[in-house]
Amino acid sequence: MTGYSLASEGKGMRRDQRKQARQVLDRRLSAIDSNVLAPPSAGWVRAIRDALGLSTRQLGERLGVAAMSVTDLEKSERAGSAQLATLRRAADAMDCDLVYAFVPRSSLEETVHDQALRVARRELARVHTTMRLEDQALPDEEVEARVVQFAESLLDDRALWDDRQ
């Protein structure tokens, strides 16, 4: 076997692994409803603290900080600037687990496929424009078929995410 075939085989294995990883994550994440995980308007710390009947002073004592620090934490959580480590400590002090996740808006497979189509359309548009100028344009259906074929060849190529504009 030549060095090229080994390198090519290695790339194919990595592509398969990435695709499998996407599929596994898609299955796990499909059960999550991001609307359920959306924080209450007051923030999670405040909502849980209030539901438990804890004052800022009491939560502060559990955290080893002043009540004002709890108020500052609640403000920073609402502003989106609270640190995960601090939120984790607050969750623990209220006998909760902090759950941190990225929930894709569509499946990871769809995201990769859509990106491949965008790149393929952008790249092939240049060729199509040149061919049209030379009066050699392909019918629209054939252009779209080539876009889809090119997009399939781009799947799992890390360069797919490079800005090539």
# chains A, B, ... in the order shown; residues from 1 in each chain; ligands from 1
>>> select_by_dssp(residues="region 21-165 of chain A", states="alpha helix (DSSP H)", output="MDAnalysis selection string")
chainID A and resid 21:29 34:37 44:52 56:63 67:79 84:93 108:133 140:154
>>> residues_around(residues="Leu87 (chain A)", least_positions_apart="2", cutoff="9 Å", atoms="only C-alpha atoms", output="PDB file with all heavy atoms, in the first residue's frame")
ATOM      1  N   VAL A  45     -30.846  31.259  39.133  1.00  0.00           N
ATOM      2  CA  VAL A  45     -30.461  31.387  40.549  1.00  0.00           C
ATOM      3  C   VAL A  45     -31.616  31.984  41.334  1.00  0.00           C
ATOM      4  O   VAL A  45     -32.035  31.448  42.371  1.00  0.00           O
ATOM      5  CB  VAL A  45     -29.177  32.234  40.714  1.00  0.00           C
ATOM      6  CG1 VAL A  45     -28.864  32.458  42.196  1.00  0.00           C
ATOM      7  CG2 VAL A  45     -27.991  31.561  40.026  1.00  0.00           C
ATOM      8  N   LEU A  73     -24.660  38.204  41.641  1.00  0.00           N
ATOM      9  CA  LEU A  73     -24.665  36.983  40.832  1.00  0.00           C
ATOM     10  C   LEU A  73     -25.953  36.900  40.024  1.00  0.00           C
ATOM     11  O   LEU A  73     -25.926  36.598  38.826  1.00  0.00           O
ATOM     12  CB  LEU A  73     -24.507  35.738  41.721  1.00  0.00           C
ATOM     13  CG  LEU A  73     -24.763  34.394  41.039  1.00  0.00           C
ATOM     14  CD1 LEU A  73     -23.800  34.169  39.874  1.00  0.00           C
ATOM     15  CD2 LEU A  73     -24.656  33.260  42.052  1.00  0.00           C
ATOM     16  N   GLU A  77     -26.095  36.852  36.043  1.00  0.00           N
ATOM     17  CA  GLU A  77     -26.715  35.744  35.304  1.00  0.00           C
ATOM     18  C   GLU A  77     -27.718  36.283  34.283  1.00  0.00           C
ATOM     19  O   GLU A  77     -27.713  35.872  33.123  1.00  0.00           O
ATOM     20  CB  GLU A  77     -27.414  34.768  36.250  1.00  0.00           C
ATOM     21  CG  GLU A  77     -28.044  33.601  35.492  1.00  0.00           C
ATOM     22  CD  GLU A  77     -29.023  32.777  36.281  1.00  0.00           C
ATOM     23  OE1 GLU A  77     -29.349  33.130  37.435  1.00  0.00           O
ATOM     24  OE2 GLU A  77     -29.494  31.766  35.722  1.00  0.00           O
ATOM     25  N   ALA A  82     -22.363  35.812  34.000  1.00  0.00           N
ATOM     26  CA  ALA A  82     -21.973  34.998  35.161  1.00  0.00           C
ATOM     27  C   ALA A  82     -21.028  33.891  34.710  1.00  0.00           C
ATOM     28  O   ALA A  82     -21.178  33.338  33.625  1.00  0.00           O
ATOM     29  CB  ALA A  82     -23.208  34.393  35.819  1.00  0.00           C
ATOM     30  N   GLN A  83     -20.067  33.595  35.547  1.00  0.00           N
ATOM     31  CA  GLN A  83     -19.119  32.522  35.231  1.00  0.00           C
ATOM     32  C   GLN A  83     -19.740  31.170  35.570  1.00  0.00           C
ATOM     33  O   GLN A  83     -20.471  31.034  36.560  1.00  0.00           O
ATOM     34  CB  GLN A  83     -17.824  32.709  36.001  1.00  0.00           C
ATOM     35  CG  GLN A  83     -17.051  33.928  35.569  1.00  0.00           C
ATOM     36  CD  GLN A  83     -15.708  34.025  36.267  1.00  0.00           C
ATOM     37  OE1 GLN A  83     -15.369  33.209  37.122  1.00  0.00           O
ATOM     38  NE2 GLN A  83     -14.934  35.015  35.895  1.00  0.00           N
ATOM     39  N   LEU A  84     -19.425  30.170  34.751  1.00  0.00           N
ATOM     40  CA  LEU A  84     -19.973  28.832  34.975  1.00  0.00           C
ATOM     41  C   LEU A  84     -19.588  28.285  36.340  1.00  0.00           C
ATOM     42  O   LEU A  84     -20.414  27.658  37.014  1.00  0.00           O
ATOM     43  CB  LEU A  84     -19.502  27.870  33.886  1.00  0.00           C
ATOM     44  CG  LEU A  84     -20.194  28.015  32.541  1.00  0.00           C
ATOM     45  CD1 LEU A  84     -19.541  27.095  31.517  1.00  0.00           C
ATOM     46  CD2 LEU A  84     -21.661  27.708  32.657  1.00  0.00           C
ATOM     47  N   ALA A  85     -18.369  28.513  36.756  1.00  0.00           N
ATOM     48  CA  ALA A  85     -17.922  27.992  38.061  1.00  0.00           C
ATOM     49  C   ALA A  85     -18.758  28.583  39.195  1.00  0.00           C
ATOM     50  O   ALA A  85     -19.126  27.880  40.144  1.00  0.00           O
ATOM     51  CB  ALA A  85     -16.438  28.300  38.276  1.00  0.00           C
ATOM     52  N   ARG A  89     -21.364  26.600  41.718  1.00  0.00           N
ATOM     53  CA  ARG A  89     -21.337  26.698  43.186  1.00  0.00           C
ATOM     54  C   ARG A  89     -22.710  27.062  43.733  1.00  0.00           C
ATOM     55  O   ARG A  89     -23.166  26.490  44.730  1.00  0.00           O
ATOM     56  CB  ARG A  89     -20.309  27.742  43.645  1.00  0.00           C
ATOM     57  CG  ARG A  89     -18.872  27.265  43.551  1.00  0.00           C
ATOM     58  CD  ARG A  89     -17.857  28.278  44.081  1.00  0.00           C
ATOM     59  NE  ARG A  89     -18.229  28.821  45.375  1.00  0.00           N
ATOM     60  CZ  ARG A  89     -18.243  30.124  45.671  1.00  0.00           C
ATOM     61  NH1 ARG A  89     -17.897  31.021  44.785  1.00  0.00           N
ATOM     62  NH2 ARG A  89     -18.596  30.533  46.878  1.00  0.00           N
ATOM     63  N   ALA A  90     -23.388  27.991  43.084  1.00  0.00           N
ATOM     64  CA  ALA A  90     -24.732  28.393  43.526  1.00  0.00           C
ATOM     65  C   ALA A  90     -25.709  27.225  43.383  1.00  0.00           C
ATOM     66  O   ALA A  90     -26.518  26.965  44.281  1.00  0.00           O
ATOM     67  CB  ALA A  90     -25.220  29.598  42.721  1.00  0.00           C
ATOM     68  N   ALA A  91     -25.628  26.507  42.278  1.00  0.00           N
ATOM     69  CA  ALA A  91     -26.494  25.347  42.073  1.00  0.00           C
ATOM     70  C   ALA A  91     -26.258  24.321  43.177  1.00  0.00           C
ATOM     71  O   ALA A  91     -27.212  23.811  43.784  1.00  0.00           O
ATOM     72  CB  ALA A  91     -26.239  24.722  40.698  1.00  0.00           C
ATOM     73  N   ASP A  92     -25.008  24.050  43.448  1.00  0.00           N
ATOM     74  CA  ASP A  92     -24.658  23.075  44.487  1.00  0.00           C
ATOM     75  C   ASP A  92     -25.193  23.528  45.856  1.00  0.00           C
ATOM     76  O   ASP A  92     -25.715  22.718  46.625  1.00  0.00           O
ATOM     77  CB  ASP A  92     -23.142  22.886  44.531  1.00  0.00           C
ATOM     78  CG  ASP A  92     -22.737  21.704  45.377  1.00  0.00           C
ATOM     79  OD1 ASP A  92     -23.342  20.619  45.229  1.00  0.00           O
ATOM     80  OD2 ASP A  92     -21.811  21.860  46.205  1.00  0.00           O
ATOM     81  N   LEU A  98     -25.905  22.014  37.831  1.00  0.00           N
ATOM     82  CA  LEU A  98     -25.858  22.951  36.717  1.00  0.00           C
ATOM     83  C   LEU A  98     -25.728  22.113  35.456  1.00  0.00           C
ATOM     84  O   LEU A  98     -24.830  21.279  35.349  1.00  0.00           O
ATOM     85  CB  LEU A  98     -24.669  23.907  36.840  1.00  0.00           C
ATOM     86  CG  LEU A  98     -24.464  24.836  35.640  1.00  0.00           C
ATOM     87  CD1 LEU A  98     -25.598  25.849  35.567  1.00  0.00           C
ATOM     88  CD2 LEU A  98     -23.134  25.520  35.720  1.00  0.00           C
TER      89      LEU A  98
END
>>> closest_residue(among="A:Gly43, A:Ala93, A:Lys75, A:Arg28", to="Gln58 (chain A)", atoms="only C-alpha atoms")
A:Ala93
>>> closest_residue(among="A:Glu61, A:Asp162, A:Asp16, A:Asp26", to="Val103 (chain A)", atoms="only C-alpha atoms")
A:Asp26
>>> residues_around(residues="region 110-120 of chain A", least_positions_apart="5", cutoff="8 Å", atoms="only C-alpha atoms", output="number ranges by chain")
A: 147-148, 150-152, 154-156, 160-161
>>> closest_residue(among="A:Glu109, A:Asp97, A:Asp72, A:Glu142", to="Leu124 (chain A)", atoms="only C-alpha atoms")
A:Glu142
